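Q: query-v4.cif is the file, holding mmCIF, C-alpha atoms:
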data_my_file
loop_
_atom_site.label_atom_id
_atom_site.label_comp_id
_atom_site.auth_asym_id
_atom_site.auth_seq_id
_atom_site.Cartn_x
_atom_site.Cartn_y
_atom_site.Cartn_z
CA MET A 1 -240.88 49.52 66.04
CA THR A 2 -240.81 51.35 69.40
CA ASP A 3 -241.07 47.97 71.11
CA GLY A 4 -237.99 46.75 69.23
CA ILE A 5 -235.89 49.77 70.21
CA THR A 6 -237.16 49.65 73.78
CA ALA A 7 -236.36 45.92 73.92
CA LEU A 8 -232.74 46.63 72.87
CA PHE A 9 -232.33 49.05 75.76
CA ASP A 10 -234.17 46.79 78.24
CA ASP A 11 -231.81 43.95 77.29
CA ALA A 12 -228.85 46.30 77.70
CA ARG A 13 -230.02 47.24 81.21
CA THR A 14 -230.21 43.56 82.15
CA ARG A 15 -226.66 42.95 80.89
CA LEU A 16 -225.39 46.10 82.62
CA ALA A 17 -226.69 45.10 86.06
CA GLY A 18 -223.82 45.27 88.52
CA LEU A 19 -221.54 47.32 86.25
CA PRO A 20 -220.40 50.78 87.35
CA ARG A 21 -222.46 53.87 86.66
CA GLU A 22 -221.43 57.50 86.48
CA ARG A 23 -223.31 60.41 87.96
CA LEU A 24 -225.36 62.98 86.09
CA GLY A 25 -225.27 66.64 87.02
CA ARG A 26 -227.42 69.67 86.38
CA SER A 27 -226.16 73.25 86.36
CA VAL A 28 -227.50 75.62 89.00
CA PRO A 29 -226.78 79.28 88.15
CA ALA A 30 -225.13 81.74 90.48
CA ARG A 31 -227.50 83.39 92.93
CA ARG A 32 -227.63 85.40 96.11
CA ILE A 33 -228.63 83.89 99.44
CA LEU A 34 -229.19 86.42 102.21
CA GLY A 35 -227.21 88.93 100.16
CA ILE A 36 -224.19 86.66 99.75
CA ALA A 37 -223.25 85.64 96.22
CA ARG A 38 -223.18 81.89 95.63
CA ALA A 39 -221.10 80.65 92.72
CA PRO A 40 -222.67 78.49 90.03
CA ARG A 41 -222.52 74.79 90.73
CA ILE A 42 -223.41 71.44 89.25
CA VAL A 43 -225.60 69.28 91.48
CA PRO A 44 -226.17 65.51 91.27
CA VAL A 45 -229.46 64.45 89.67
CA GLY A 46 -228.98 60.74 89.00
CA GLU A 47 -226.67 58.16 87.53
CA ALA A 48 -226.32 56.29 84.27
CA TRP A 49 -224.24 53.76 82.46
CA HIS A 50 -221.95 55.58 80.04
CA LEU A 51 -222.09 53.84 76.66
CA GLY A 52 -220.13 56.10 74.34
CA VAL A 53 -222.50 58.71 72.89
CA LEU A 54 -225.36 57.34 75.00
CA LEU A 55 -226.19 57.40 78.69
CA LEU A 56 -228.58 54.72 79.88
CA THR A 57 -230.54 55.22 83.10
CA ASP A 58 -233.07 52.87 84.69
CA ASP A 59 -235.87 54.52 82.74
CA ALA A 60 -234.41 56.76 80.02
CA VAL A 61 -231.91 57.01 77.20
CA LEU A 62 -229.85 60.21 77.04
CA ALA A 63 -227.37 61.70 74.60
CA THR A 64 -224.08 62.57 76.28
CA GLY A 65 -223.12 66.20 76.68
CA ASP A 66 -219.96 67.37 78.41
CA ILE A 67 -217.99 65.09 80.69
CA VAL A 68 -215.73 66.66 83.30
CA ARG A 69 -213.90 65.47 86.38
CA ALA A 70 -214.81 67.41 89.50
CA ARG A 71 -211.85 69.45 90.73
CA PHE A 72 -211.16 71.89 93.52
CA GLU A 73 -211.06 75.39 92.03
CA VAL A 74 -207.54 76.71 91.53
CA ARG A 75 -206.55 79.96 89.83
CA ARG A 76 -204.54 79.21 86.70
CA GLY A 77 -203.64 80.95 83.50
CA TYR A 78 -205.05 79.24 80.42
CA ALA A 79 -203.97 79.79 76.85
CA ALA A 80 -207.40 78.83 75.53
CA GLN A 81 -210.86 79.97 76.56
CA SER A 82 -212.11 76.38 76.20
CA GLN A 83 -209.65 75.24 78.89
CA ARG A 84 -210.90 77.97 81.22
CA GLU A 85 -214.53 76.96 80.62
CA ARG A 86 -213.82 73.28 81.32
CA ALA A 87 -211.96 74.20 84.52
CA GLU A 88 -214.97 76.29 85.58
CA LEU A 89 -217.30 73.32 84.93
CA ALA A 90 -215.03 71.02 86.94
CA ALA A 91 -214.95 73.50 89.85
CA ALA A 92 -218.75 73.91 89.70
CA ALA A 93 -219.12 70.12 89.96
CA PHE A 94 -216.83 70.05 93.00
CA ARG A 95 -218.83 72.88 94.63
CA GLY A 96 -222.03 70.94 93.90
CA GLY A 97 -220.92 67.95 95.95
CA PHE A 98 -219.06 65.66 93.55
CA ALA A 99 -215.84 64.09 94.84
CA GLU A 100 -212.45 65.27 93.59
CA GLY A 101 -211.70 63.49 90.31
CA GLU A 102 -215.20 62.01 89.92
CA PRO A 103 -216.53 62.01 86.34
CA VAL A 104 -219.67 64.12 85.93
CA HIS A 105 -222.01 64.24 82.92
CA VAL A 106 -223.59 67.63 82.23
CA GLY A 107 -225.52 68.98 79.28
CA TRP A 108 -227.02 65.58 78.45
CA GLN A 109 -230.29 65.46 76.52
CA PRO A 110 -233.17 62.95 76.77
CA LEU A 111 -233.80 60.98 73.58
CA ASP A 112 -237.25 60.26 72.17
CA LEU A 113 -237.41 56.56 71.27
CA ALA A 114 -240.95 56.91 69.90
CA ALA A 115 -239.75 59.57 67.45
CA VAL A 116 -236.92 57.29 66.33
CA ALA A 117 -239.36 54.42 65.83
CA GLY A 118 -241.50 56.79 63.73
CA GLY A 119 -238.58 57.59 61.43
CA GLU A 120 -237.41 60.85 63.02
CA PRO A 121 -233.87 61.09 64.41
CA SER A 122 -233.41 61.92 68.09
CA GLY A 123 -229.86 62.96 68.98
CA PRO A 124 -227.50 60.26 67.73
CA LEU A 125 -230.31 57.69 67.25
CA ALA A 126 -232.11 57.11 63.95
CA LEU A 127 -233.53 54.37 61.78
CA GLN A 128 -231.42 53.36 58.82
CA GLY A 129 -233.90 51.47 56.70
CA ASP A 130 -235.64 49.43 59.39
CA VAL A 131 -232.52 49.10 61.57
CA PRO A 132 -232.25 51.15 64.79
CA SER A 133 -228.86 52.83 64.49
CA VAL A 134 -226.55 55.21 66.30
CA ARG A 135 -224.20 57.87 64.97
CA TRP A 136 -221.18 57.25 67.15
CA SER A 137 -219.35 60.46 66.23
CA ALA A 138 -220.21 63.77 64.57
CA ALA A 139 -218.12 62.86 61.52
CA GLY A 140 -218.90 59.14 61.56
CA GLY A 141 -221.69 57.27 59.90
CA TYR A 142 -224.44 55.24 61.49
CA ARG A 143 -223.91 51.84 63.03
CA ALA A 144 -226.51 49.23 64.05
CA LEU A 145 -227.59 50.01 67.62
CA GLU A 146 -227.62 46.35 68.69
CA GLY A 147 -223.93 45.82 67.83
CA TYR A 148 -222.97 49.20 69.26
CA LEU A 149 -224.61 48.41 72.61
CA ALA A 150 -223.00 44.94 72.74
CA GLU A 151 -219.55 46.44 72.13
CA ARG A 152 -219.99 49.23 74.67
CA ILE A 153 -221.29 46.86 77.35
CA GLU A 154 -218.32 44.57 76.76
CA LEU A 155 -215.92 47.52 77.10
CA LEU A 156 -217.61 48.69 80.30
CA GLY A 157 -217.43 45.20 81.79
CA ASN A 158 -213.89 44.50 80.59
CA PRO A 159 -212.06 47.79 80.10
CA PRO A 160 -208.78 47.69 78.18
CA ARG A 161 -205.68 47.44 80.33
CA GLY A 162 -204.64 50.85 81.62
CA ALA A 163 -208.04 52.45 81.04
CA SER A 164 -209.58 54.31 83.95
#
What does the file become when written as structure tokens?

A:
Amino acid sequence: MTDGITALFDDARTRLAGLPRERLGRSVPARRILGIARAPRIVPVGEAWHLGVLLLTDDAVLATGDIVRARFEVRRGYAAQSQRERAELAAAAFRGGFAEGEPVHVGWQPLDLAAVAGGEPSGPLALQGDVPSVRWSAAGGYRALEGYLAERIELLGNPPRGAS
């Protein structure tokens, strides 16, 4: 079964060739260099095609984590702690070398396709009967992976009017 799941992702990579990718980031904690404090930052570690709840690299399948747009740090008052935390992530991405406004994926997790093939879920992937499937939202049910990938590739190649 691993071969079947791997084949779905290999086929997806072939169909995605030439389509835009987004960059992956990894958090680097605050530290001192020569006694000077350096703020936490998010540094680039690769790129992937963003397919909804999945990120597909040349050699791995990842579950999405947080997605932020890199922004220059500005002091603002926020009504919600979650807004403050997202602004801090966006500023950390900018400090780490991402361009202003560039989407950055952080907190992503590698998925284990062999575990899925063996009947164990890995992130949003699982077998439903003998069908490789994906849970496309926390509240949603599972959907056949093959159809999900086809739809997401189509959307990436032909985004709806007005989408950015």

Q: Given the file shown, enumerate the residues that the PyMOL selection byres ((chain A and resi 156) around 9) captures and present them as an MDAnalysis selection string.

A: chainID A and resid 16 19:20 49:51 151:155 157:159

Q: Starting from the shown file, work through the PyMOL selection byres ((chain A and resi 97) around 12) and note down what comes out as a PyMOL selection string.

A: chain A and resi 23-26+41-45+70-72+90-96+98-102+104

Q: Suppose you want the space between atom CA of Pro132 of chain A and atom CA of Val61 of chain A; what is it in Å?

A: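 Result for atom CA of Pro132 of chain A versus atom CA of Val61 of chain A: 13.7 Å, one decimal.
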
Q: What is the atom CA of Pro103 of chain A-atom CA of Gly162 of chain A distance in Å, reported with one decimal?

A: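 Distance between the two atoms: 17.0 Å.
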
Q: Rounded to one decimal place, report the atom CA of Leu125 of chain A-atom CA of Leu54 of chain A distance in Å.

A: 9.2 Å

Q: Using all atoms listed in the file, which of the listed residues (A:Ala39, A:Leu56, A:Val131, A:Leu34) sits closest to Asp10 of chain A?

A: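 Ranking A:Ala39, A:Leu56, A:Val131, A:Leu34 by distance to Asp10 of chain A, first place goes to A:Leu56.
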
Q: Env of His105 of chain A: 8 Å cut, atoms = all atoms listed in the file, seq-sep filter 3 positions within chain, self excluded. Answer as number ranges by chain.

A: A: 22-25, 64-68, 108

Q: If we count all atoms listed in the file and set the cut-off at 7 Å, which residues sit around segment 121-124 of chain A, ignoring sequence neighbours fewer than 6 positions away in its own chain? Please answer as a VMD selection string.

A: chain A and resid 63 111 to 112 115 134 to 135

Q: When distances are computed from only C-alpha atoms, which of A:Val28, A:Val116, A:Leu149, A:Ala17 shows the smallest separation from Leu55 of chain A?

A: A:Leu149

Q: Quick one: everything within 9 Å of Asp3 of chain A, counting all atoms listed in the file, minus sequence neighbours fewer than 4 positions away in the same chain. Send it as a ChimeraX atom specification.

A: /A:7-8,117

Q: Will you model N, CA and C atoms for segment 107-143 of chain A and pass it back as a PDB file, in the frame of the given file?

A:
ATOM      1  N   GLY A 107    -225.083  68.606  80.620  1.00  0.00           N
ATOM      2  CA  GLY A 107    -225.520  68.980  79.280  1.00  0.00           C
ATOM      3  C   GLY A 107    -226.081  67.823  78.472  1.00  0.00           C
ATOM      4  N   TRP A 108    -226.422  66.732  79.125  1.00  0.00           N
ATOM      5  CA  TRP A 108    -227.020  65.580  78.450  1.00  0.00           C
ATOM      6  C   TRP A 108    -228.444  65.929  78.033  1.00  0.00           C
ATOM      7  N   GLN A 109    -228.943  65.202  77.041  1.00  0.00           N
ATOM      8  CA  GLN A 109    -230.290  65.460  76.520  1.00  0.00           C
ATOM      9  C   GLN A 109    -231.081  64.161  76.446  1.00  0.00           C
ATOM     10  N   PRO A 110    -232.337  64.159  76.907  1.00  0.00           N
ATOM     11  CA  PRO A 110    -233.170  62.950  76.770  1.00  0.00           C
ATOM     12  C   PRO A 110    -233.461  62.670  75.300  1.00  0.00           C
ATOM     13  N   LEU A 111    -233.497  61.397  74.951  1.00  0.00           N
ATOM     14  CA  LEU A 111    -233.800  60.980  73.580  1.00  0.00           C
ATOM     15  C   LEU A 111    -235.230  60.450  73.509  1.00  0.00           C
ATOM     16  N   ASP A 112    -235.868  60.657  72.382  1.00  0.00           N
ATOM     17  CA  ASP A 112    -237.250  60.260  72.170  1.00  0.00           C
ATOM     18  C   ASP A 112    -237.284  58.989  71.322  1.00  0.00           C
ATOM     19  N   LEU A 113    -237.425  57.839  71.981  1.00  0.00           N
ATOM     20  CA  LEU A 113    -237.410  56.560  71.270  1.00  0.00           C
ATOM     21  C   LEU A 113    -238.628  56.400  70.363  1.00  0.00           C
ATOM     22  N   ALA A 114    -239.756  56.983  70.748  1.00  0.00           N
ATOM     23  CA  ALA A 114    -240.950  56.910  69.900  1.00  0.00           C
ATOM     24  C   ALA A 114    -240.725  57.667  68.592  1.00  0.00           C
ATOM     25  N   ALA A 115    -240.055  58.807  68.662  1.00  0.00           N
ATOM     26  CA  ALA A 115    -239.750  59.570  67.450  1.00  0.00           C
ATOM     27  C   ALA A 115    -238.827  58.767  66.531  1.00  0.00           C
ATOM     28  N   VAL A 116    -237.837  58.112  67.124  1.00  0.00           N
ATOM     29  CA  VAL A 116    -236.920  57.290  66.330  1.00  0.00           C
ATOM     30  C   VAL A 116    -237.695  56.171  65.643  1.00  0.00           C
ATOM     31  N   ALA A 117    -238.555  55.509  66.394  1.00  0.00           N
ATOM     32  CA  ALA A 117    -239.360  54.420  65.830  1.00  0.00           C
ATOM     33  C   ALA A 117    -240.250  54.928  64.694  1.00  0.00           C
ATOM     34  N   GLY A 118    -240.665  56.201  64.763  1.00  0.00           N
ATOM     35  CA  GLY A 118    -241.500  56.790  63.730  1.00  0.00           C
ATOM     36  C   GLY A 118    -240.714  57.337  62.549  1.00  0.00           C
ATOM     37  N   GLY A 119    -239.393  57.160  62.563  1.00  0.00           N
ATOM     38  CA  GLY A 119    -238.580  57.590  61.430  1.00  0.00           C
ATOM     39  C   GLY A 119    -237.872  58.912  61.610  1.00  0.00           C
ATOM     40  N   GLU A 120    -238.079  59.573  62.747  1.00  0.00           N
ATOM     41  CA  GLU A 120    -237.410  60.850  63.020  1.00  0.00           C
ATOM     42  C   GLU A 120    -236.161  60.591  63.862  1.00  0.00           C
ATOM     43  N   PRO A 121    -235.046  61.248  63.548  1.00  0.00           N
ATOM     44  CA  PRO A 121    -233.870  61.090  64.410  1.00  0.00           C
ATOM     45  C   PRO A 121    -234.079  61.782  65.750  1.00  0.00           C
ATOM     46  N   SER A 122    -233.424  61.287  66.772  1.00  0.00           N
ATOM     47  CA  SER A 122    -233.410  61.920  68.090  1.00  0.00           C
ATOM     48  C   SER A 122    -231.972  61.828  68.592  1.00  0.00           C
ATOM     49  N   GLY A 123    -231.274  62.965  68.613  1.00  0.00           N
ATOM     50  CA  GLY A 123    -229.860  62.960  68.980  1.00  0.00           C
ATOM     51  C   GLY A 123    -229.102  62.045  68.045  1.00  0.00           C
ATOM     52  N   PRO A 124    -228.291  61.147  68.587  1.00  0.00           N
ATOM     53  CA  PRO A 124    -227.500  60.260  67.730  1.00  0.00           C
ATOM     54  C   PRO A 124    -228.277  59.026  67.237  1.00  0.00           C
ATOM     55  N   LEU A 125    -229.523  58.862  67.645  1.00  0.00           N
ATOM     56  CA  LEU A 125    -230.310  57.690  67.250  1.00  0.00           C
ATOM     57  C   LEU A 125    -231.166  57.989  66.023  1.00  0.00           C
ATOM     58  N   ALA A 126    -231.253  57.000  65.134  1.00  0.00           N
ATOM     59  CA  ALA A 126    -232.110  57.110  63.950  1.00  0.00           C
ATOM     60  C   ALA A 126    -232.318  55.732  63.371  1.00  0.00           C
ATOM     61  N   LEU A 127    -233.334  55.605  62.541  1.00  0.00           N
ATOM     62  CA  LEU A 127    -233.530  54.370  61.780  1.00  0.00           C
ATOM     63  C   LEU A 127    -232.768  54.495  60.472  1.00  0.00           C
ATOM     64  N   GLN A 128    -232.065  53.458  60.121  1.00  0.00           N
ATOM     65  CA  GLN A 128    -231.420  53.360  58.820  1.00  0.00           C
ATOM     66  C   GLN A 128    -232.091  52.195  58.120  1.00  0.00           C
ATOM     67  N   GLY A 129    -233.016  52.501  57.218  1.00  0.00           N
ATOM     68  CA  GLY A 129    -233.900  51.470  56.700  1.00  0.00           C
ATOM     69  C   GLY A 129    -234.842  51.111  57.836  1.00  0.00           C
ATOM     70  N   ASP A 130    -234.847  49.854  58.239  1.00  0.00           N
ATOM     71  CA  ASP A 130    -235.640  49.430  59.390  1.00  0.00           C
ATOM     72  C   ASP A 130    -234.760  49.093  60.591  1.00  0.00           C
ATOM     73  N   VAL A 131    -233.480  49.475  60.535  1.00  0.00           N
ATOM     74  CA  VAL A 131    -232.520  49.100  61.570  1.00  0.00           C
ATOM     75  C   VAL A 131    -232.272  50.265  62.521  1.00  0.00           C
ATOM     76  N   PRO A 132    -232.603  50.103  63.818  1.00  0.00           N
ATOM     77  CA  PRO A 132    -232.250  51.150  64.790  1.00  0.00           C
ATOM     78  C   PRO A 132    -230.734  51.319  64.792  1.00  0.00           C
ATOM     79  N   SER A 133    -230.284  52.560  64.644  1.00  0.00           N
ATOM     80  CA  SER A 133    -228.860  52.830  64.490  1.00  0.00           C
ATOM     81  C   SER A 133    -228.437  54.016  65.337  1.00  0.00           C
ATOM     82  N   VAL A 134    -227.123  54.123  65.509  1.00  0.00           N
ATOM     83  CA  VAL A 134    -226.550  55.210  66.300  1.00  0.00           C
ATOM     84  C   VAL A 134    -225.402  55.835  65.523  1.00  0.00           C
ATOM     85  N   ARG A 135    -225.346  57.151  65.547  1.00  0.00           N
ATOM     86  CA  ARG A 135    -224.200  57.870  64.970  1.00  0.00           C
ATOM     87  C   ARG A 135    -223.212  58.035  66.106  1.00  0.00           C
ATOM     88  N   TRP A 136    -222.110  57.321  66.033  1.00  0.00           N
ATOM     89  CA  TRP A 136    -221.180  57.250  67.150  1.00  0.00           C
ATOM     90  C   TRP A 136    -220.202  58.415  67.212  1.00  0.00           C
ATOM     91  N   SER A 137    -220.147  59.240  66.175  1.00  0.00           N
ATOM     92  CA  SER A 137    -219.350  60.460  66.230  1.00  0.00           C
ATOM     93  C   SER A 137    -219.955  61.454  65.243  1.00  0.00           C
ATOM     94  N   ALA A 138    -219.644  62.731  65.437  1.00  0.00           N
ATOM     95  CA  ALA A 138    -220.210  63.770  64.570  1.00  0.00           C
ATOM     96  C   ALA A 138    -219.808  63.559  63.117  1.00  0.00           C
ATOM     97  N   ALA A 139    -218.602  63.066  62.887  1.00  0.00           N
ATOM     98  CA  ALA A 139    -218.120  62.860  61.520  1.00  0.00           C
ATOM     99  C   ALA A 139    -218.376  61.446  61.020  1.00  0.00           C
ATOM    100  N   GLY A 140    -218.722  60.543  61.934  1.00  0.00           N
ATOM    101  CA  GLY A 140    -218.900  59.140  61.560  1.00  0.00           C
ATOM    102  C   GLY A 140    -220.285  58.860  61.010  1.00  0.00           C
ATOM    103  N   GLY A 141    -220.405  57.701  60.420  1.00  0.00           N
ATOM    104  CA  GLY A 141    -221.690  57.270  59.900  1.00  0.00           C
ATOM    105  C   GLY A 141    -222.485  56.551  60.972  1.00  0.00           C
ATOM    106  N   TYR A 142    -223.598  55.986  60.561  1.00  0.00           N
ATOM    107  CA  TYR A 142    -224.440  55.240  61.490  1.00  0.00           C
ATOM    108  C   TYR A 142    -223.978  53.808  61.597  1.00  0.00           C
ATOM    109  N   ARG A 143    -224.239  53.235  62.743  1.00  0.00           N
ATOM    110  CA  ARG A 143    -223.910  51.840  63.030  1.00  0.00           C
ATOM    111  C   ARG A 143    -225.135  51.214  63.689  1.00  0.00           C
TER     112      ARG A 143
END
